[in-house]
file entry_9.cif (mmCIF, C-alpha atoms)
data_query
#
loop_
_atom_site.label_atom_id
_atom_site.label_comp_id
_atom_site.auth_asym_id
_atom_site.auth_seq_id
_atom_site.Cartn_x
_atom_site.Cartn_y
_atom_site.Cartn_z
CA MET A 3 5.13 11.37 -3.46
CA PRO A 4 2.52 11.91 -0.72
CA SER A 5 -1.04 12.31 -1.86
CA PRO A 6 -2.29 15.90 -2.00
CA LEU A 7 -5.53 14.58 -0.47
CA ALA A 8 -3.83 13.61 2.78
CA SER A 9 -2.24 16.16 5.04
CA SER A 10 -0.92 13.94 7.81
CA PRO A 11 0.94 10.62 7.96
CA THR A 12 -2.15 9.01 9.50
CA GLU A 13 -4.36 10.22 6.66
CA ARG A 14 -1.82 9.00 4.08
CA LEU A 15 -1.74 5.59 5.76
CA ASP A 16 -5.56 5.48 5.77
CA LEU A 17 -5.63 6.19 2.03
CA LEU A 18 -2.98 3.52 1.43
CA PHE A 19 -5.01 0.89 3.31
CA VAL A 20 -8.19 1.92 1.47
CA ALA A 21 -6.33 1.58 -1.83
CA LEU A 22 -5.11 -1.92 -0.93
CA ALA A 23 -8.47 -3.06 0.42
CA ASP A 24 -9.82 -3.99 -3.02
CA GLY A 25 -8.73 -7.10 -4.91
CA ASN A 26 -8.83 -5.40 -8.32
CA ARG A 27 -6.55 -2.64 -7.06
CA ARG A 28 -4.13 -5.17 -5.54
CA ALA A 29 -4.09 -6.99 -8.88
CA MET A 30 -3.24 -3.69 -10.61
CA VAL A 31 -0.39 -3.11 -8.14
CA ASP A 32 0.86 -6.65 -8.81
CA ARG A 33 0.79 -5.99 -12.56
CA LEU A 34 2.53 -2.62 -12.18
CA SER A 35 5.27 -4.23 -10.10
CA ARG A 36 6.40 -5.82 -13.37
CA GLY A 37 6.55 -2.44 -15.13
CA PRO A 38 4.46 0.49 -16.39
CA ALA A 39 1.12 -0.19 -18.08
CA SER A 40 -1.69 1.71 -19.74
CA VAL A 41 -5.21 1.84 -18.34
CA SER A 42 -6.32 -0.62 -21.02
CA ASP A 43 -3.53 -3.04 -20.15
CA LEU A 44 -4.55 -2.90 -16.50
CA ALA A 45 -8.31 -3.21 -17.13
CA ARG A 46 -8.25 -6.05 -19.66
CA PRO A 47 -7.14 -9.00 -17.48
CA LEU A 48 -9.57 -7.94 -14.75
CA SER A 49 -12.51 -7.64 -17.18
CA LEU A 50 -13.05 -4.07 -16.04
CA ARG A 51 -14.55 -1.34 -18.18
CA LEU A 52 -12.21 1.61 -18.65
CA PRO A 53 -14.21 4.02 -16.43
CA SER A 54 -14.07 1.49 -13.56
CA ALA A 55 -10.36 0.94 -14.06
CA VAL A 56 -9.76 4.71 -14.03
CA LYS A 57 -11.66 5.00 -10.72
CA HIS A 58 -9.56 2.20 -9.19
CA LEU A 59 -6.38 3.85 -10.43
CA ALA A 60 -7.46 7.19 -8.94
CA VAL A 61 -7.79 5.48 -5.55
CA LEU A 62 -4.33 3.92 -5.97
CA GLU A 63 -2.91 7.31 -6.92
CA ALA A 64 -4.58 9.00 -3.93
CA GLY A 65 -3.05 6.30 -1.73
CA GLY A 66 0.40 7.16 -3.06
CA LEU A 67 0.90 3.75 -4.66
CA VAL A 68 0.97 4.72 -8.33
CA GLN A 69 1.87 7.66 -10.52
CA SER A 70 0.78 8.38 -14.05
CA ASP A 71 1.96 10.16 -17.15
CA LYS A 72 -0.10 11.11 -20.16
CA ALA A 73 1.30 11.03 -23.69
CA GLY A 74 -1.35 11.98 -26.20
CA ARG A 75 -4.45 9.97 -25.38
CA VAL A 76 -2.62 7.23 -23.46
CA ARG A 77 -2.21 7.43 -19.70
CA THR A 78 0.51 5.15 -18.38
CA TYR A 79 0.77 4.12 -14.72
CA ARG A 80 3.75 2.94 -12.72
CA ILE A 81 4.47 2.13 -9.09
CA ALA A 82 5.38 5.26 -7.11
CA PRO A 83 9.03 5.32 -5.98
CA ASP A 84 8.24 5.01 -2.25
CA ALA A 85 4.85 3.35 -2.61
CA PHE A 86 5.19 1.16 0.46
CA GLY A 87 7.45 3.34 2.62
CA GLY A 88 4.66 4.46 4.95
CA LEU A 89 3.29 0.94 5.25
CA GLU A 90 6.73 -0.53 5.94
CA ALA A 91 7.37 2.06 8.66
CA TRP A 92 3.99 1.38 10.26
CA VAL A 93 4.59 -2.39 10.29
CA ALA A 94 8.15 -1.95 11.60
CA GLU A 95 6.89 0.17 14.52
CA ARG A 96 4.37 -2.50 15.50
CA LYS A 97 6.93 -5.29 15.17
CA ALA A 98 9.37 -3.39 17.38
CA MET A 99 6.65 -2.86 19.99
CA TRP A 100 5.79 -6.57 20.03
CA HIS A 101 9.46 -7.56 20.24
CA ARG A 102 9.92 -5.24 23.25
CA GLN A 103 6.90 -6.79 24.94
CA PHE A 104 8.12 -10.33 24.27
CA ASP A 105 11.60 -9.40 25.53
CA ALA A 106 10.04 -8.05 28.74
CA LEU A 107 8.01 -11.24 29.12
CA ASP A 108 11.15 -13.35 28.58
CA ALA A 109 12.97 -11.35 31.24
CA LEU A 110 10.07 -11.74 33.67
CA LEU A 111 9.85 -15.49 33.10
CA ALA A 112 13.61 -15.86 33.46
CA GLU A 113 13.45 -13.96 36.75
CA GLN A 114 10.63 -16.18 37.99
CA ASP A 115 12.63 -19.30 37.06
CA LYS A 116 15.46 -18.07 39.30
CA THR A 117 13.19 -17.86 42.33
#

call {"tool": "encode", "arguments": {"input": "entry_9.cif", "output": "structure tokens"}}
result
Amino acid sequence: MPSPLASSPTERLDLLFVALADGNRRAMVDRLSRGPASVSDLARPLSLRLPSAVKHLAVLEAGGLVQSDKAGRVRTYRIAPDAFGGLEAWVAERKAMWHRQFDALDALLAEQDKT
């Protein structure tokens, strides 16, 4: 689900990169890739205090990487269904551009070899 904080694909991608820029947040994403976890479960191995962990999780949620549910006093986080869709599309576009440029270079070099 796109973040309500971002109104354009570029803004969503910016928030995603910001979210992934921090090692603690990447560690939380790694942990959540194995399944849902509570804030406490995510904070403990990183030696984070709960308020710090909640701030990191808010950045991950704004970046569209995680979603949360609250049952009673426990908030549980999980990876968002299409967490990396925007990132994958961005990388694929750049890869396609580079492949086109390399193909054009190959064609040019092949043409030069003929002459």

call {"tool": "resolve_selection", "arguments": {"input": "entry_9.cif", "expression": "the PyMOL selection byres ((chain A and resi 44-55) around 12)", "output": "ChimeraX atom specification"}}
result
/A:25-43,56-62,77-80

call {"tool": "write_last_selection", "arguments": {"input": "entry_9.cif", "atoms": "C-alpha atoms", "output": "mmCIF file, in the coordinates of the input"}}
result
data_model
loop_
_atom_site.group_PDB
_atom_site.id
_atom_site.type_symbol
_atom_site.label_atom_id
_atom_site.label_comp_id
_atom_site.auth_asym_id
_atom_site.auth_seq_id
_atom_site.Cartn_x
_atom_site.Cartn_y
_atom_site.Cartn_z
ATOM 1 C CA GLY A 25 -8.730 -7.100 -4.910
ATOM 2 C CA ASN A 26 -8.830 -5.400 -8.320
ATOM 3 C CA ARG A 27 -6.550 -2.640 -7.060
ATOM 4 C CA ARG A 28 -4.130 -5.170 -5.540
ATOM 5 C CA ALA A 29 -4.090 -6.990 -8.880
ATOM 6 C CA MET A 30 -3.240 -3.690 -10.610
ATOM 7 C CA VAL A 31 -0.390 -3.110 -8.140
ATOM 8 C CA ASP A 32 0.860 -6.650 -8.810
ATOM 9 C CA ARG A 33 0.790 -5.990 -12.560
ATOM 10 C CA LEU A 34 2.530 -2.620 -12.180
ATOM 11 C CA SER A 35 5.270 -4.230 -10.100
ATOM 12 C CA ARG A 36 6.400 -5.820 -13.370
ATOM 13 C CA GLY A 37 6.550 -2.440 -15.130
ATOM 14 C CA PRO A 38 4.460 0.490 -16.390
ATOM 15 C CA ALA A 39 1.120 -0.190 -18.080
ATOM 16 C CA SER A 40 -1.690 1.710 -19.740
ATOM 17 C CA VAL A 41 -5.210 1.840 -18.340
ATOM 18 C CA SER A 42 -6.320 -0.620 -21.020
ATOM 19 C CA ASP A 43 -3.530 -3.040 -20.150
ATOM 20 C CA VAL A 56 -9.760 4.710 -14.030
ATOM 21 C CA LYS A 57 -11.660 5.000 -10.720
ATOM 22 C CA HIS A 58 -9.560 2.200 -9.190
ATOM 23 C CA LEU A 59 -6.380 3.850 -10.430
ATOM 24 C CA ALA A 60 -7.460 7.190 -8.940
ATOM 25 C CA VAL A 61 -7.790 5.480 -5.550
ATOM 26 C CA LEU A 62 -4.330 3.920 -5.970
ATOM 27 C CA ARG A 77 -2.210 7.430 -19.700
ATOM 28 C CA THR A 78 0.510 5.150 -18.380
ATOM 29 C CA TYR A 79 0.770 4.120 -14.720
ATOM 30 C CA ARG A 80 3.750 2.940 -12.720
#

call {"tool": "closest_atom_pairs", "arguments": {"input": "entry_9.cif", "of": "region 32-108 of chain A", "to": "region 11-22 of chain A", "cutoff": "7 Å", "atoms": "all atoms listed in the file", "output": "Markdown table"}}
result
| residue | atom | partner | partner_atom | distance |
| --- | --- | --- | --- | --- |
| A:Val61 | CA | A:Ala21 | CA | 5.6 |
| A:Leu62 | CA | A:Ala21 | CA | 5.2 |
| A:Ala64 | CA | A:Leu17 | CA | 6.7 |
| A:Gly65 | CA | A:Leu18 | CA | 4.2 |
| A:Gly66 | CA | A:Leu18 | CA | 6.7 |
| A:Gly88 | CA | A:Leu15 | CA | 6.5 |
| A:Leu89 | CA | A:Leu15 | CA | 6.9 |

call {"tool": "write_last_selection", "arguments": {"input": "entry_9.cif", "atoms": "C-alpha atoms", "output": "short mmCIF file (atom, residue, chain, number, x, y, z; two decimals), in the frame of the given file"}}
result
data_model
loop_
_atom_site.label_atom_id
_atom_site.label_comp_id
_atom_site.auth_asym_id
_atom_site.auth_seq_id
_atom_site.Cartn_x
_atom_site.Cartn_y
_atom_site.Cartn_z
CA VAL A 61 -7.79 5.48 -5.55
CA LEU A 62 -4.33 3.92 -5.97
CA ALA A 64 -4.58 9.00 -3.93
CA GLY A 65 -3.05 6.30 -1.73
CA GLY A 66 0.40 7.16 -3.06
CA GLY A 88 4.66 4.46 4.95
CA LEU A 89 3.29 0.94 5.25
#

call {"tool": "atom_distance", "arguments": {"input": "entry_9.cif", "atom1": "CA of Lys97 (chain A)", "atom2": "CA of Ala109 (chain A)"}}
result
18.2 Å

call {"tool": "atom_distance", "arguments": {"input": "entry_9.cif", "atom1": "CA of Asp84 (chain A)", "atom2": "CA of Val68 (chain A)"}}
result
9.5 Å

call {"tool": "decode", "arguments": {"input": "entry_9.cif", "residues": "region 33-75 of chain A", "atoms": "N, CA and C atoms", "output": "mmCIF file, in the first residue's frame"}}
result
data_model
loop_
_atom_site.group_PDB
_atom_site.id
_atom_site.type_symbol
_atom_site.label_atom_id
_atom_site.label_comp_id
_atom_site.auth_asym_id
_atom_site.auth_seq_id
_atom_site.Cartn_x
_atom_site.Cartn_y
_atom_site.Cartn_z
ATOM 1 N N ARG A 33 14.523 -9.128 9.673
ATOM 2 C CA ARG A 33 13.800 -9.932 10.670
ATOM 3 C C ARG A 33 12.364 -10.162 10.235
ATOM 4 N N LEU A 34 11.714 -9.131 9.711
ATOM 5 C CA LEU A 34 10.313 -9.259 9.292
ATOM 6 C C LEU A 34 10.163 -10.134 8.050
ATOM 7 N N SER A 35 11.220 -10.318 7.298
ATOM 8 C CA SER A 35 11.134 -11.209 6.139
ATOM 9 C C SER A 35 10.937 -12.658 6.573
ATOM 10 N N ARG A 36 11.223 -12.950 7.827
ATOM 11 C CA ARG A 36 10.991 -14.293 8.371
ATOM 12 C C ARG A 36 9.607 -14.440 8.987
ATOM 13 N N GLY A 37 8.868 -13.322 9.108
ATOM 14 C CA GLY A 37 7.521 -13.379 9.661
ATOM 15 C C GLY A 37 7.234 -12.180 10.545
ATOM 16 N N PRO A 38 5.953 -11.996 10.892
ATOM 17 C CA PRO A 38 5.549 -10.851 11.721
ATOM 18 C C PRO A 38 6.256 -10.852 13.074
ATOM 19 N N ALA A 39 6.392 -9.640 13.644
ATOM 20 C CA ALA A 39 7.034 -9.508 14.948
ATOM 21 C C ALA A 39 6.495 -8.271 15.653
ATOM 22 N N SER A 40 6.541 -8.324 16.968
ATOM 23 C CA SER A 40 6.127 -7.166 17.771
ATOM 24 C C SER A 40 7.268 -6.154 17.825
ATOM 25 N N VAL A 41 6.945 -4.962 18.297
ATOM 26 C CA VAL A 41 7.963 -3.921 18.445
ATOM 27 C C VAL A 41 9.070 -4.423 19.364
ATOM 28 N N SER A 42 8.703 -5.050 20.455
ATOM 29 C CA SER A 42 9.700 -5.571 21.404
ATOM 30 C C SER A 42 10.607 -6.593 20.746
ATOM 31 N N ASP A 43 10.024 -7.487 19.957
ATOM 32 C CA ASP A 43 10.818 -8.511 19.272
ATOM 33 C C ASP A 43 11.799 -7.891 18.279
ATOM 34 N N LEU A 44 11.401 -6.777 17.690
ATOM 35 C CA LEU A 44 12.271 -6.107 16.723
ATOM 36 C C LEU A 44 13.343 -5.265 17.410
ATOM 37 N N ALA A 45 13.021 -4.681 18.549
ATOM 38 C CA ALA A 45 13.954 -3.804 19.259
ATOM 39 C C ALA A 45 15.039 -4.589 19.998
ATOM 40 N N ARG A 46 14.661 -5.701 20.587
ATOM 41 C CA ARG A 46 15.562 -6.443 21.479
ATOM 42 C C ARG A 46 16.906 -6.800 20.838
ATOM 43 N N PRO A 47 16.950 -7.466 19.684
ATOM 44 C CA PRO A 47 18.259 -7.863 19.148
ATOM 45 C C PRO A 47 19.118 -6.679 18.700
ATOM 46 N N LEU A 48 18.507 -5.524 18.513
ATOM 47 C CA LEU A 48 19.248 -4.341 18.090
ATOM 48 C C LEU A 48 19.630 -3.450 19.267
ATOM 49 N N SER A 49 19.266 -3.870 20.477
ATOM 50 C CA SER A 49 19.509 -3.094 21.697
ATOM 51 C C SER A 49 18.933 -1.684 21.597
ATOM 52 N N LEU A 50 17.750 -1.594 21.003
ATOM 53 C CA LEU A 50 17.057 -0.316 20.878
ATOM 54 C C LEU A 50 16.026 -0.185 21.984
ATOM 55 N N ARG A 51 15.840 1.017 22.471
ATOM 56 C CA ARG A 51 14.732 1.287 23.382
ATOM 57 C C ARG A 51 13.454 1.323 22.545
ATOM 58 N N LEU A 52 12.336 1.002 23.167
ATOM 59 C CA LEU A 52 11.072 0.936 22.428
ATOM 60 C C LEU A 52 10.726 2.225 21.682
ATOM 61 N N PRO A 53 10.903 3.410 22.276
ATOM 62 C CA PRO A 53 10.578 4.630 21.516
ATOM 63 C C PRO A 53 11.423 4.769 20.235
ATOM 64 N N SER A 54 12.695 4.384 20.306
ATOM 65 C CA SER A 54 13.550 4.439 19.109
ATOM 66 C C SER A 54 13.087 3.437 18.068
ATOM 67 N N ALA A 55 12.744 2.243 18.518
ATOM 68 C CA ALA A 55 12.260 1.218 17.586
ATOM 69 C C ALA A 55 10.974 1.670 16.904
ATOM 70 N N VAL A 56 10.076 2.292 17.670
ATOM 71 C CA VAL A 56 8.813 2.780 17.105
ATOM 72 C C VAL A 56 9.085 3.845 16.045
ATOM 73 N N LYS A 57 10.055 4.727 16.287
ATOM 74 C CA LYS A 57 10.400 5.754 15.295
ATOM 75 C C LYS A 57 10.938 5.112 14.019
ATOM 76 N N HIS A 58 11.820 4.116 14.162
ATOM 77 C CA HIS A 58 12.341 3.417 12.994
ATOM 78 C C HIS A 58 11.207 2.728 12.226
ATOM 79 N N LEU A 59 10.308 2.107 12.943
ATOM 80 C CA LEU A 59 9.190 1.419 12.294
ATOM 81 C C LEU A 59 8.255 2.397 11.593
ATOM 82 N N ALA A 60 8.102 3.595 12.141
ATOM 83 C CA ALA A 60 7.282 4.621 11.481
ATOM 84 C C ALA A 60 7.908 5.023 10.147
ATOM 85 N N VAL A 61 9.231 5.099 10.094
ATOM 86 C CA VAL A 61 9.918 5.426 8.842
ATOM 87 C C VAL A 61 9.732 4.289 7.837
ATOM 88 N N LEU A 62 9.842 3.057 8.315
ATOM 89 C CA LEU A 62 9.623 1.897 7.425
ATOM 90 C C LEU A 62 8.191 1.868 6.905
ATOM 91 N N GLU A 63 7.248 2.219 7.758
ATOM 92 C CA GLU A 63 5.843 2.235 7.342
ATOM 93 C C GLU A 63 5.598 3.360 6.337
ATOM 94 N N ALA A 64 6.191 4.525 6.575
ATOM 95 C CA ALA A 64 6.051 5.648 5.638
ATOM 96 C C ALA A 64 6.666 5.300 4.285
ATOM 97 N N GLY A 65 7.714 4.482 4.301
ATOM 98 C CA GLY A 65 8.358 4.056 3.063
ATOM 99 C C GLY A 65 7.621 2.941 2.351
ATOM 100 N N GLY A 66 6.533 2.466 2.951
ATOM 101 C CA GLY A 66 5.731 1.418 2.331
ATOM 102 C C GLY A 66 6.297 0.022 2.480
ATOM 103 N N LEU A 67 7.274 -0.142 3.377
ATOM 104 C CA LEU A 67 7.915 -1.441 3.545
ATOM 105 C C LEU A 67 7.212 -2.354 4.534
ATOM 106 N N VAL A 68 6.598 -1.764 5.557
ATOM 107 C CA VAL A 68 5.937 -2.578 6.578
ATOM 108 C C VAL A 68 4.524 -2.077 6.825
ATOM 109 N N GLN A 69 3.732 -2.956 7.400
ATOM 110 C CA GLN A 69 2.380 -2.631 7.848
ATOM 111 C C GLN A 69 2.250 -3.142 9.269
ATOM 112 N N SER A 70 1.324 -2.551 10.002
ATOM 113 C CA SER A 70 1.157 -2.982 11.389
ATOM 114 C C SER A 70 -0.306 -3.181 11.733
ATOM 115 N N ASP A 71 -0.500 -4.008 12.742
ATOM 116 C CA ASP A 71 -1.818 -4.256 13.326
ATOM 117 C C ASP A 71 -1.664 -4.132 14.830
ATOM 118 N N LYS A 72 -2.709 -3.664 15.476
ATOM 119 C CA LYS A 72 -2.662 -3.556 16.931
ATOM 120 C C LYS A 72 -3.758 -4.424 17.526
ATOM 121 N N ALA A 73 -3.350 -5.292 18.434
ATOM 122 C CA ALA A 73 -4.281 -6.143 19.176
ATOM 123 C C ALA A 73 -4.024 -5.881 20.657
ATOM 124 N N GLY A 74 -4.939 -5.176 21.277
ATOM 125 C CA GLY A 74 -4.723 -4.804 22.672
ATOM 126 C C GLY A 74 -3.585 -3.804 22.750
ATOM 127 N N ARG A 75 -2.577 -4.137 23.538
ATOM 128 C CA ARG A 75 -1.427 -3.243 23.696
ATOM 129 C C ARG A 75 -0.265 -3.628 22.802
#
